[in-house]
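Asks: Got upload25.pdb for you, PDB, C-alpha atoms:
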```pdb
ATOM      1  CA  MET A1465     -11.498   7.737 -19.146
ATOM      2  CA  LYS A1466     -10.490   5.908 -15.974
ATOM      3  CA  ILE A1467     -11.452   2.546 -17.481
ATOM      4  CA  ARG A1468      -8.424   2.824 -19.769
ATOM      5  CA  LYS A1469      -6.187   2.307 -16.750
ATOM      6  CA  PHE A1470      -7.159  -1.365 -16.775
ATOM      7  CA  PHE A1471      -5.784  -1.849 -20.282
ATOM      8  CA  SER A1472      -2.122  -2.216 -19.359
ATOM      9  CA  ILE A1473      -0.046  -5.376 -19.291
ATOM     10  CA  PRO A1474       0.768  -5.286 -15.525
ATOM     11  CA  VAL A1475      -2.889  -4.689 -14.570
ATOM     12  CA  LEU A1476      -4.100  -7.478 -16.861
ATOM     13  CA  ALA A1477      -1.370  -9.704 -15.405
ATOM     14  CA  VAL A1478      -2.799  -9.096 -11.921
ATOM     15  CA  PHE A1479      -6.236 -10.211 -13.112
ATOM     16  CA  GLY A1480      -4.729 -13.287 -14.767
ATOM     17  CA  LEU A1481      -2.701 -14.256 -11.701
ATOM     18  CA  THR A1482      -5.688 -13.726  -9.407
ATOM     19  CA  GLY A1483      -7.881 -15.938 -11.592
ATOM     20  CA  PHE A1484      -5.188 -18.615 -11.799
ATOM     21  CA  VAL A1485      -4.662 -18.745  -8.033
ATOM     22  CA  TYR A1486      -8.372 -18.643  -7.208
ATOM     23  CA  TYR A1487      -9.381 -21.380  -9.642
ATOM     24  CA  ASN A1488      -6.638 -23.775  -8.640
ATOM     25  CA  THR A1489      -7.037 -23.117  -4.925
ATOM     26  CA  VAL A1490     -10.799 -23.713  -4.835
ATOM     27  CA  PHE A1491     -11.520 -26.126  -7.673
ATOM     28  CA  VAL A1492      -8.299 -28.154  -7.667
ATOM     29  CA  PHE A1493      -6.473 -28.161  -4.342
ATOM     30  CA  LEU A1494      -9.412 -27.619  -1.989
ATOM     31  CA  GLU A1495     -11.545 -30.128  -3.885
ATOM     32  CA  ASP A1496      -8.706 -32.638  -3.760
ATOM     33  CA  TRP A1497      -8.029 -31.996  -0.061
ATOM     34  CA  VAL A1498     -11.468 -32.115   1.652
ATOM     35  CA  GLY A1499     -13.971 -31.756  -1.206
ATOM     36  CA  LEU A1500     -16.090 -28.695  -1.906
ATOM     37  CA  GLY A1501     -19.240 -30.568  -0.933
ATOM     38  CA  SER A1502     -18.079 -31.062   2.658
ATOM     39  CA  SER A1503     -18.677 -28.525   5.438
ATOM     40  CA  ALA A1504     -14.917 -27.990   5.808
ATOM     41  CA  GLY A1505     -14.576 -27.445   2.069
ATOM     42  CA  THR A1506     -17.435 -24.939   1.987
ATOM     43  CA  LEU A1507     -16.066 -23.022   4.965
ATOM     44  CA  ASN A1508     -12.552 -22.841   3.507
ATOM     45  CA  ALA A1509     -13.931 -21.806   0.123
ATOM     46  CA  LEU A1510     -15.956 -18.987   1.716
ATOM     47  CA  ILE A1511     -12.982 -17.699   3.722
ATOM     48  CA  PHE A1512     -10.675 -17.727   0.724
ATOM     49  CA  THR A1513     -13.347 -16.124  -1.486
ATOM     50  CA  PHE A1514     -13.694 -13.321   1.075
ATOM     51  CA  PHE A1515      -9.972 -12.547   0.833
ATOM     52  CA  ALA A1516     -10.056 -12.783  -2.972
ATOM     53  CA  LEU A1517     -13.100 -10.498  -3.351
ATOM     54  CA  PHE A1518     -11.777  -7.845  -0.989
ATOM     55  CA  SER A1519      -8.378  -7.991  -2.692
ATOM     56  CA  LEU A1520     -10.086  -7.310  -6.042
ATOM     57  CA  TYR A1521     -12.276  -4.622  -4.483
ATOM     58  CA  SER A1522      -9.219  -2.846  -3.057
ATOM     59  CA  PHE A1523      -7.447  -3.299  -6.387
ATOM     60  CA  PHE A1524     -10.269  -1.593  -8.287
ATOM     61  CA  VAL A1525     -10.262   1.277  -5.784
ATOM     62  CA  CYS A1526      -6.476   1.687  -6.143
ATOM     63  CA  VAL A1527      -6.701   1.820  -9.935
ATOM     64  CA  LEU A1528      -9.711   4.143 -10.188
ATOM     65  CA  THR A1529      -9.088   6.544  -7.288
ATOM     66  CA  ASP A1530      -7.198   9.773  -7.909
ATOM     67  CA  PRO A1531      -4.175   9.525  -5.580
ATOM     68  CA  GLY A1532      -4.538  13.161  -4.553
ATOM     69  CA  ARG A1533      -3.920  16.340  -6.516
ATOM     70  CA  VAL A1534      -2.810  19.647  -5.069
ATOM     71  CA  PRO A1535      -5.860  21.929  -4.666
ATOM     72  CA  SER A1536      -5.895  24.587  -7.378
ATOM     73  CA  ASN A1537      -6.360  27.313  -4.751
ATOM     74  CA  TYR A1538      -3.528  26.092  -2.516
ATOM     75  CA  ILE A1539      -1.297  28.849  -1.117
ATOM     76  CA  PRO A1540       1.344  27.871   1.470
ATOM     77  CA  ASP A1541       1.078  29.268   4.952
ATOM     78  CA  VAL A1542       4.381  31.058   5.566
ATOM     79  CA  GLU A1543       4.613  30.269   9.296
ATOM     80  CA  GLU A1544       3.614  26.642   8.791
ATOM     81  CA  ASN A1545       6.012  26.281   5.879
ATOM     82  CA  GLN A1546       8.903  27.723   7.865
ATOM     83  CA  ALA A1547       8.249  25.332  10.762
ATOM     84  CA  SER A1548       8.025  22.407   8.372
ATOM     85  CA  SER A1549      11.128  23.535   6.511
ATOM     86  CA  GLU A1550      13.143  23.754   9.728
ATOM     87  CA  GLY A1551      12.028  20.263  10.692
ATOM     88  CA  ALA A1552      12.925  18.913   7.264
ATOM     89  CA  GLY A1553      16.199  20.773   7.012
ATOM     90  CA  LYS A1554      15.111  23.281   4.346
ATOM     91  CA  ASN A1555      15.315  26.995   4.740
ATOM     92  CA  ASP A1556      13.131  28.771   2.203
ATOM     93  CA  VAL A1557       9.583  28.795   0.946
ATOM     94  CA  GLN A1558      10.707  28.549  -2.660
ATOM     95  CA  PHE A1559      11.682  24.922  -2.084
ATOM     96  CA  LYS A1560       7.964  24.162  -1.976
ATOM     97  CA  ARG A1561       7.366  25.264  -5.558
ATOM     98  CA  CYS A1562       7.370  22.500  -8.189
ATOM     99  CA  ASP A1563       9.854  23.160 -10.988
ATOM    100  CA  LYS A1564       7.671  21.207 -13.428
ATOM    101  CA  CYS A1565       4.119  22.237 -12.509
ATOM    102  CA  TYR A1566       5.274  25.752 -11.517
ATOM    103  CA  ALA A1567       2.867  25.674  -8.587
ATOM    104  CA  TYR A1568       3.287  25.582  -4.820
ATOM    105  CA  LYS A1569       3.659  22.136  -3.260
ATOM    106  CA  PRO A1570       2.203  21.322   0.170
ATOM    107  CA  PRO A1571       4.444  19.405   2.599
ATOM    108  CA  ARG A1572       5.104  15.773   1.629
ATOM    109  CA  THR A1573       4.040  16.387  -1.979
ATOM    110  CA  HIS A1574       6.129  15.057  -4.877
ATOM    111  CA  HIS A1575       5.921  15.328  -8.649
ATOM    112  CA  CYS A1576       5.316  12.042 -10.459
ATOM    113  CA  ARG A1577       7.182  11.848 -13.751
ATOM    114  CA  VAL A1578       4.786   9.164 -15.027
ATOM    115  CA  CYS A1579       1.495  10.864 -14.126
ATOM    116  CA  LYS A1580       3.054  14.297 -14.805
ATOM    117  CA  ILE A1581       1.322  15.891 -11.806
ATOM    118  CA  CYS A1582       2.163  16.621  -8.172
ATOM    119  CA  ILE A1583       0.764  13.958  -5.800
ATOM    120  CA  LEU A1584      -0.161  14.681  -2.185
ATOM    121  CA  LYS A1585       1.851  12.538   0.247
ATOM    122  CA  MET A1586       3.159  10.459  -2.646
ATOM    123  CA  ASP A1587       4.497   7.035  -1.710
ATOM    124  CA  HIS A1588       5.455   5.674  -5.140
ATOM    125  CA  HIS A1589       4.157   5.069  -8.652
ATOM    126  CA  CYS A1590       2.950   1.466  -8.942
ATOM    127  CA  ILE A1591       2.863  -0.163 -12.374
ATOM    128  CA  TRP A1592       0.646  -2.976 -11.029
ATOM    129  CA  ILE A1593      -2.242  -0.565 -10.451
ATOM    130  CA  ASN A1594      -1.224   1.778 -13.287
ATOM    131  CA  ASN A1595      -1.504   4.649 -10.828
ATOM    132  CA  CYS A1596       0.346   6.550  -8.152
ATOM    133  CA  VAL A1597      -0.016   5.575  -4.509
ATOM    134  CA  GLY A1598      -0.744   8.803  -2.685
ATOM    135  CA  TYR A1599      -2.794  10.446   0.012
ATOM    136  CA  MET A1600      -6.253   9.500  -1.278
ATOM    137  CA  ASN A1601      -5.618   5.856  -2.231
ATOM    138  CA  TYR A1602      -2.888   4.771   0.202
ATOM    139  CA  LYS A1603      -5.464   3.139   2.489
ATOM    140  CA  ALA A1604      -6.832   1.113  -0.439
ATOM    141  CA  PHE A1605      -3.286   0.112  -1.418
ATOM    142  CA  PHE A1606      -2.438  -0.950   2.131
ATOM    143  CA  LEU A1607      -5.617  -3.049   2.318
ATOM    144  CA  LEU A1608      -4.875  -4.517  -1.113
ATOM    145  CA  VAL A1609      -1.514  -5.745   0.167
ATOM    146  CA  LEU A1610      -3.088  -6.928   3.440
ATOM    147  CA  TYR A1611      -5.902  -8.927   1.820
ATOM    148  CA  GLY A1612      -3.573 -10.170  -0.902
ATOM    149  CA  ALA A1613      -1.030 -11.407   1.634
ATOM    150  CA  LEU A1614      -3.653 -13.136   3.787
ATOM    151  CA  GLY A1615      -5.290 -14.694   0.742
ATOM    152  CA  SER A1616      -2.040 -15.954  -0.754
ATOM    153  CA  ILE A1617      -0.933 -17.446   2.574
ATOM    154  CA  TYR A1618      -4.315 -19.136   2.948
ATOM    155  CA  SER A1619      -4.004 -20.450  -0.601
ATOM    156  CA  THR A1620      -0.524 -21.809   0.137
ATOM    157  CA  VAL A1621      -1.812 -23.655   3.224
ATOM    158  CA  ILE A1622      -4.585 -25.291   1.161
ATOM    159  CA  PHE A1623      -2.058 -26.184  -1.552
ATOM    160  CA  LEU A1624       0.331 -27.773   0.947
ATOM    161  CA  SER A1625      -2.508 -29.686   2.624
ATOM    162  CA  SER A1626      -3.508 -31.095  -0.743
ATOM    163  CA  ALA A1627       0.067 -31.932  -1.745
ATOM    164  CA  LEU A1628       0.994 -33.651   1.538
ATOM    165  CA  GLN A1629      -1.897 -36.107   1.426
ATOM    166  CA  ARG A1630      -1.022 -37.425  -2.039
ATOM    167  CA  ASP A1631       0.964 -40.592  -2.693
ATOM    168  CA  TRP A1632       3.515 -39.123  -5.093
ATOM    169  CA  MET A1633       5.068 -42.482  -5.948
ATOM    170  CA  ARG A1634       1.950 -43.310  -7.979
ATOM    171  CA  GLN A1635       1.413 -39.911  -9.641
ATOM    172  CA  SER A1636       2.235 -39.016 -13.241
ATOM    173  CA  GLY A1637       5.086 -36.710 -14.173
ATOM    174  CA  SER A1638       2.738 -34.066 -15.582
ATOM    175  CA  LEU A1639       0.846 -33.837 -12.275
ATOM    176  CA  LYS A1640       4.113 -33.512 -10.380
ATOM    177  CA  ALA A1641       5.219 -30.709 -12.708
ATOM    178  CA  PHE A1642       1.859 -28.959 -12.227
ATOM    179  CA  TYR A1643       2.149 -29.075  -8.443
ATOM    180  CA  VAL A1644       5.741 -27.839  -8.536
ATOM    181  CA  ALA A1645       4.789 -24.911 -10.793
ATOM    182  CA  CYS A1646       1.815 -23.980  -8.605
ATOM    183  CA  GLY A1647       3.943 -24.276  -5.477
ATOM    184  CA  ILE A1648       6.552 -21.891  -6.879
ATOM    185  CA  VAL A1649       3.850 -19.369  -7.840
ATOM    186  CA  MET A1650       1.957 -19.514  -4.535
ATOM    187  CA  VAL A1651       4.948 -19.569  -2.204
ATOM    188  CA  GLY A1652       6.654 -16.820  -4.199
ATOM    189  CA  LEU A1653       3.496 -14.686  -4.185
ATOM    190  CA  SER A1654       3.009 -15.203  -0.443
ATOM    191  CA  MET A1655       6.596 -14.233   0.374
ATOM    192  CA  THR A1656       6.463 -11.190  -1.889
ATOM    193  CA  LEU A1657       3.190  -9.848  -0.473
ATOM    194  CA  LEU A1658       4.160 -10.648   3.120
ATOM    195  CA  THR A1659       7.427  -8.740   2.653
ATOM    196  CA  LEU A1660       5.562  -5.801   1.101
ATOM    197  CA  LEU A1661       3.015  -5.846   3.927
ATOM    198  CA  SER A1662       5.776  -5.834   6.550
ATOM    199  CA  TRP A1663       7.407  -2.884   4.788
ATOM    200  CA  HIS A1664       4.228  -0.809   4.761
ATOM    201  CA  ILE A1665       3.447  -1.660   8.384
ATOM    202  CA  TYR A1666       6.890  -0.253   9.178
ATOM    203  CA  LEU A1667       6.140   2.880   7.148
ATOM    204  CA  LEU A1668       2.764   3.291   8.832
ATOM    205  CA  ALA A1669       4.276   2.914  12.305
ATOM    206  CA  HIS A1670       6.852   5.616  11.510
ATOM    207  CA  ASN A1671       4.432   7.903   9.625
ATOM    208  CA  ILE A1672       6.705   7.932   6.603
ATOM    209  CA  THR A1673       6.351   7.254   2.892
ATOM    210  CA  THR A1674       8.677   5.203   0.701
ATOM    211  CA  ILE A1675      10.044   8.374  -0.919
ATOM    212  CA  GLU A1676      10.598  10.013   2.473
ATOM    213  CA  TYR A1677      12.383   6.904   3.743
ATOM    214  CA  TYR A1678      15.028   7.096   1.034
ATOM    215  CA  GLU A1679      15.271  10.870   1.366
ATOM    216  CA  GLY A1680      15.771  10.316   5.079
ATOM    217  CA  LEU A1681      18.729   7.997   4.487
ATOM    218  CA  ARG A1682      20.645  10.813   2.823
ATOM    219  CA  ALA A1683      19.507  13.343   5.434
ATOM    220  CA  ALA A1684      20.645  11.016   8.232
ATOM    221  CA  TRP A1685      24.029  10.527   6.528
ATOM    222  CA  LEU A1686      24.522  14.289   6.207
ATOM    223  CA  ALA A1687      23.487  14.779   9.828
ATOM    224  CA  ARG A1688      25.979  12.177  11.071
ATOM    225  CA  LYS A1689      28.668  13.757   8.923
ATOM    226  CA  SER A1690      28.140  17.072  10.693
ATOM    227  CA  GLY A1691      27.912  15.462  14.140
ATOM    228  CA  GLN A1692      24.156  15.870  14.475
ATOM    229  CA  SER A1693      21.250  13.464  14.811
ATOM    230  CA  TYR A1694      18.381  13.159  12.364
ATOM    231  CA  ARG A1695      14.753  12.273  12.938
ATOM    232  CA  HIS A1696      12.033  12.194  10.328
ATOM    233  CA  PRO A1697      10.054  15.425  10.948
ATOM    234  CA  TYR A1698       6.665  13.698  10.679
ATOM    235  CA  ASP A1699       7.578  10.799  12.971
ATOM    236  CA  VAL A1700       5.877  11.780  16.232
ATOM    237  CA  GLY A1701       6.520   8.457  17.926
ATOM    238  CA  CYS A1702       5.253   4.968  17.167
ATOM    239  CA  TYR A1703       2.261   5.179  19.493
ATOM    240  CA  ARG A1704       1.116   8.563  18.175
ATOM    241  CA  ASN A1705       1.778   7.566  14.574
ATOM    242  CA  ILE A1706      -0.509   4.572  14.958
ATOM    243  CA  SER A1707      -3.065   6.410  17.097
ATOM    244  CA  MET A1708      -3.404   9.027  14.348
ATOM    245  CA  ALA A1709      -4.535   6.219  12.080
ATOM    246  CA  LEU A1710      -6.835   4.743  14.714
ATOM    247  CA  SER A1711      -8.386   7.713  16.508
ATOM    248  CA  ASN A1712     -10.147  10.942  15.691
ATOM    249  CA  PHE A1713      -7.014  13.080  15.524
ATOM    250  CA  VAL A1714      -7.050  16.751  14.595
ATOM    251  CA  TYR A1715      -4.809  16.149  11.570
ATOM    252  CA  ASP A1716      -5.389  13.871   8.602
ATOM    253  CA  GLN A1717      -5.512  10.138   9.243
ATOM    254  CA  ILE A1718      -4.994   7.025   7.125
ATOM    255  CA  LEU A1719      -7.323   4.277   8.297
ATOM    256  CA  GLY A1720      -9.960   6.508   9.875
ATOM    257  CA  PRO A1721     -11.507   7.112  13.309
ATOM    258  CA  SER A1722     -13.977   4.200  13.192
ATOM    259  CA  MET A1723     -12.632   0.680  13.706
ATOM    260  CA  LEU A1724     -15.604  -0.713  11.763
ATOM    261  CA  LYS A1725     -14.385   1.097   8.651
ATOM    262  CA  TRP A1726     -10.684   0.276   8.859
ATOM    263  CA  LEU A1727     -11.013  -2.718   6.556
ATOM    264  CA  CYS A1728     -13.100  -0.931   3.908
ATOM    265  CA  PRO A1729     -10.949   0.671   1.176
ATOM    266  CA  THR A1730     -13.625   3.214   0.221
ATOM    267  CA  ALA A1731     -14.209   4.484   3.784
ATOM    268  CA  VAL A1732     -12.112   7.629   3.361
ATOM    269  CA  GLY A1733     -14.600  10.300   4.420
ATOM    270  CA  HIS A1734     -12.238  11.159   7.297
ATOM    271  CA  LEU A1735      -9.547  12.385   4.901
ATOM    272  CA  LYS A1736      -9.116  16.125   4.612
ATOM    273  CA  GLU A1737      -7.233  18.155   2.003
ATOM    274  CA  GLY A1738      -3.896  16.472   2.685
ATOM    275  CA  THR A1739      -1.975  19.741   2.844
ATOM    276  CA  GLY A1740      -1.041  19.709   6.524
ATOM    277  CA  PHE A1741       0.482  17.120   8.852
ATOM    278  CA  PRO A1742       1.737  17.159  12.476
ATOM    279  CA  THR A1743       5.483  17.236  13.031
ATOM    280  CA  SER A1744       7.764  16.227  15.877
ATOM    281  CA  ARG A1745       8.124  19.934  16.650
ATOM    282  CA  ASP A1746       4.390  20.121  17.300
ATOM    283  CA  SER A1747       4.482  17.211  19.713
ATOM    284  CA  SER A1748       7.413  18.663  21.636
ATOM    285  CA  SER A1749       5.875  22.117  22.004
TER     286      SER A1749
END
```
Could you express the structure from this file as structure tokens?

Replies:
Amino acid sequence: MKIRKFFSIPVLAVFGLTGFVYYNTVFVFLEDWVGLGSSAGTLNALIFTFFALFSLYSFFVCVLTDPGRVPSNYIPDVEENQASSEGAGKNDVQFKRCDKCYAYKPPRTHHCRVCKICILKMDHHCIWINNCVGYMNYKAFFLLVLYGALGSIYSTVIFLSSALQRDWMRQSGSLKAFYVACGIVMVGLSMTLLTLLSWHIYLLAHNITTIEYYEGLRAAWLARKSGQSYRHPYDVGCYRNISMALSNFVYDQILGPSMLKWLCPTAVGHLKEGTGFPTSRDSSS
């Protein structure tokens, strides 16, 4: 059952950290800063609650959504596979067969040793959601990081506003220790999520996954060694990479064609099978 995915230490730690940050932000720091009963306190509480709720919503979607399995009836198209193989530097169809599942793999598919299945457009296996991040739940993961980063930054601002208005010469040592501990947690969480968000914005702009990025480092090194240049085969240019996520493109998208649905982690009706993607060769032809 999917509900069992929630019973892991990292997932439970996420719930605990979220509860800790939310409670202290709203009922301690915000109350101390402007008071929850004031209009400013109510407004700030509503904004922060929005980020917290959508972070949890995206988190649930990430945990419960199948990241994307290879269709049981998938058979590679020889011409498409050859074009993709040339772009990726491979030269035979057999490379696309998984040596663990013993089945054909579509382009950009990788076998997860934890989940023990092949994942479409696999980015990485994340212990914090007890699931792979792949084609079907990457949007939810990206929004989880986005809402989490915005919420943690907002929480840090409220914390700092509360801390700066206090007269620390008259405060007890235990209160000082509490504020220091909370500051370390909130600033550390904000920096971590902001760094992760920046990383995935970079990946999105280059139409590349984390796995493909590290594979590309070796491919680029080999290309330079032989006096050639390397370009990620699915990087069709920053503008087109982003426009594929924003417009109704013929190939699969990430965020979807409707701007109203970009910020909803379950709005994935635009996703197709995840077995075909445009390459730089397509854009140049």

Asks: Nearest residue to Leu1607 of chain A out of A:Ala1567, A:Val1492, A:Cys1526, A:Val1498, using only C-alpha atoms?

Replies: A:Cys1526

Asks: Taking 4 positions as the minimum chain separation for residues in the same chain, which residues sit within 7 Å of Ser1744 of chain A when counting all atoms listed in the file? Answer as a PDB file with C-alpha atoms, keeping the file's coordinate frame.

Replies:
```pdb
ATOM      1  CA  PRO A1697      10.054  15.425  10.948  1.00  0.00           C
ATOM      2  CA  TYR A1698       6.665  13.698  10.679  1.00  0.00           C
ATOM      3  CA  ASP A1699       7.578  10.799  12.971  1.00  0.00           C
ATOM      4  CA  VAL A1700       5.877  11.780  16.232  1.00  0.00           C
ATOM      5  CA  SER A1748       7.413  18.663  21.636  1.00  0.00           C
TER       6      SER A1748
END
```

Asks: What would the list of residues within 8 Å of (-11.0, -0.3, 5.0) (file frame) look like as a PDB file with C-alpha atoms, in the frame of the given file, if only C-alpha atoms are what count?

Replies:
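File produced: part10.pdb:
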```pdb
ATOM      1  CA  LYS A1603      -5.464   3.139   2.489  1.00  0.00           C
ATOM      2  CA  ALA A1604      -6.832   1.113  -0.439  1.00  0.00           C
ATOM      3  CA  LEU A1607      -5.617  -3.049   2.318  1.00  0.00           C
ATOM      4  CA  LEU A1719      -7.323   4.277   8.297  1.00  0.00           C
ATOM      5  CA  LYS A1725     -14.385   1.097   8.651  1.00  0.00           C
ATOM      6  CA  TRP A1726     -10.684   0.276   8.859  1.00  0.00           C
ATOM      7  CA  LEU A1727     -11.013  -2.718   6.556  1.00  0.00           C
ATOM      8  CA  CYS A1728     -13.100  -0.931   3.908  1.00  0.00           C
ATOM      9  CA  PRO A1729     -10.949   0.671   1.176  1.00  0.00           C
ATOM     10  CA  THR A1730     -13.625   3.214   0.221  1.00  0.00           C
ATOM     11  CA  ALA A1731     -14.209   4.484   3.784  1.00  0.00           C
TER      12      ALA A1731
END
```

Asks: Please expand the PyMOL selection byres ((chain A and resi 1493) around 10) into the concrete residues it hits in this file, giving the result as a PyMOL selection string.

Replies: chain A and resi 1487-1492+1494-1500+1619-1627+1643

Asks: Counting only C-alpha atoms, which of A:Trp1663, A:Tyr1566, A:Phe1484, A:Phe1470 gets nearest to Leu1528 of chain A?

Replies: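 Looking only at the distances to Leu1528 of chain A, the closest residue turns out to be A:Phe1470.
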
Asks: Find the residue from A:Cys1576, A:Asp1541, A:Val1732, A:Phe1606 that sits nearest to Leu1660 of chain A; use all atoms listed in the file when measuring.

Replies: A:Phe1606

Asks: Between atom CA of Met1600 of chain A and atom CA of Val1534 of chain A, what is the distance in Å, rounded to a tenth?

Replies: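 It comes out at 11.4 Å.
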
Asks: I'd like the interatomic distance between atom CA of His1670 of chain A and atom CA of Phe1741 of chain A, to a tenth of an Å.

Replies: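 A separation of 13.4 Å between them.
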
Asks: Work out how far atom CA of Arg1468 of chain A is from atom CA of Lys1580 of chain A, in Å to one decimal.

Replies: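 Separation of atom CA of Lys1580 of chain A and atom CA of Arg1468 of chain A: 17.0 Å.
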
Asks: Which residues, protein or nucleic acid, reach to within 12 Å of (-2.9, 8.7, -7.7) in the file's coordinates when using only C-alpha atoms, and can you give that as a count of residues only?

Replies: 43

Asks: Work out where the centre of an axis-aligned box around every listed atom of segment 1572-1575 of chain A lies and how long its edges are once 4 Å is added on each side; give both in Å to one decimal as JSON.

Replies:
```
{"center_x": 5.1, "center_y": 15.7, "center_z": -3.5, "size_x": 10.1, "size_y": 9.3, "size_z": 18.3}
```

Asks: Determine, for each residue of segment 1568-1628 of chain A having at least one atom at most 6 Å from an atom of segment 1513-1521 of chain A, the closest pair of atoms and their separation in Å to one decimal, counting all atoms listed in the file; order by chain and ascending number, as a Markdown table.

Replies:
```
| residue | atom | partner | partner_atom | distance |
| --- | --- | --- | --- | --- |
| A:Leu1608 | CA | A:Ser1519 | CA | 5.2 |
| A:Tyr1611 | CA | A:Ser1519 | CA | 5.2 |
| A:Gly1612 | CA | A:Ser1519 | CA | 5.6 |
| A:Gly1615 | CA | A:Phe1515 | CA | 5.2 |
```

Asks: A:Gln1635, A:Thr1673, A:His1664, A:Leu1658: which is nearest Tyr1618 of chain A, counting all atoms listed in the file?

Replies: A:Leu1658
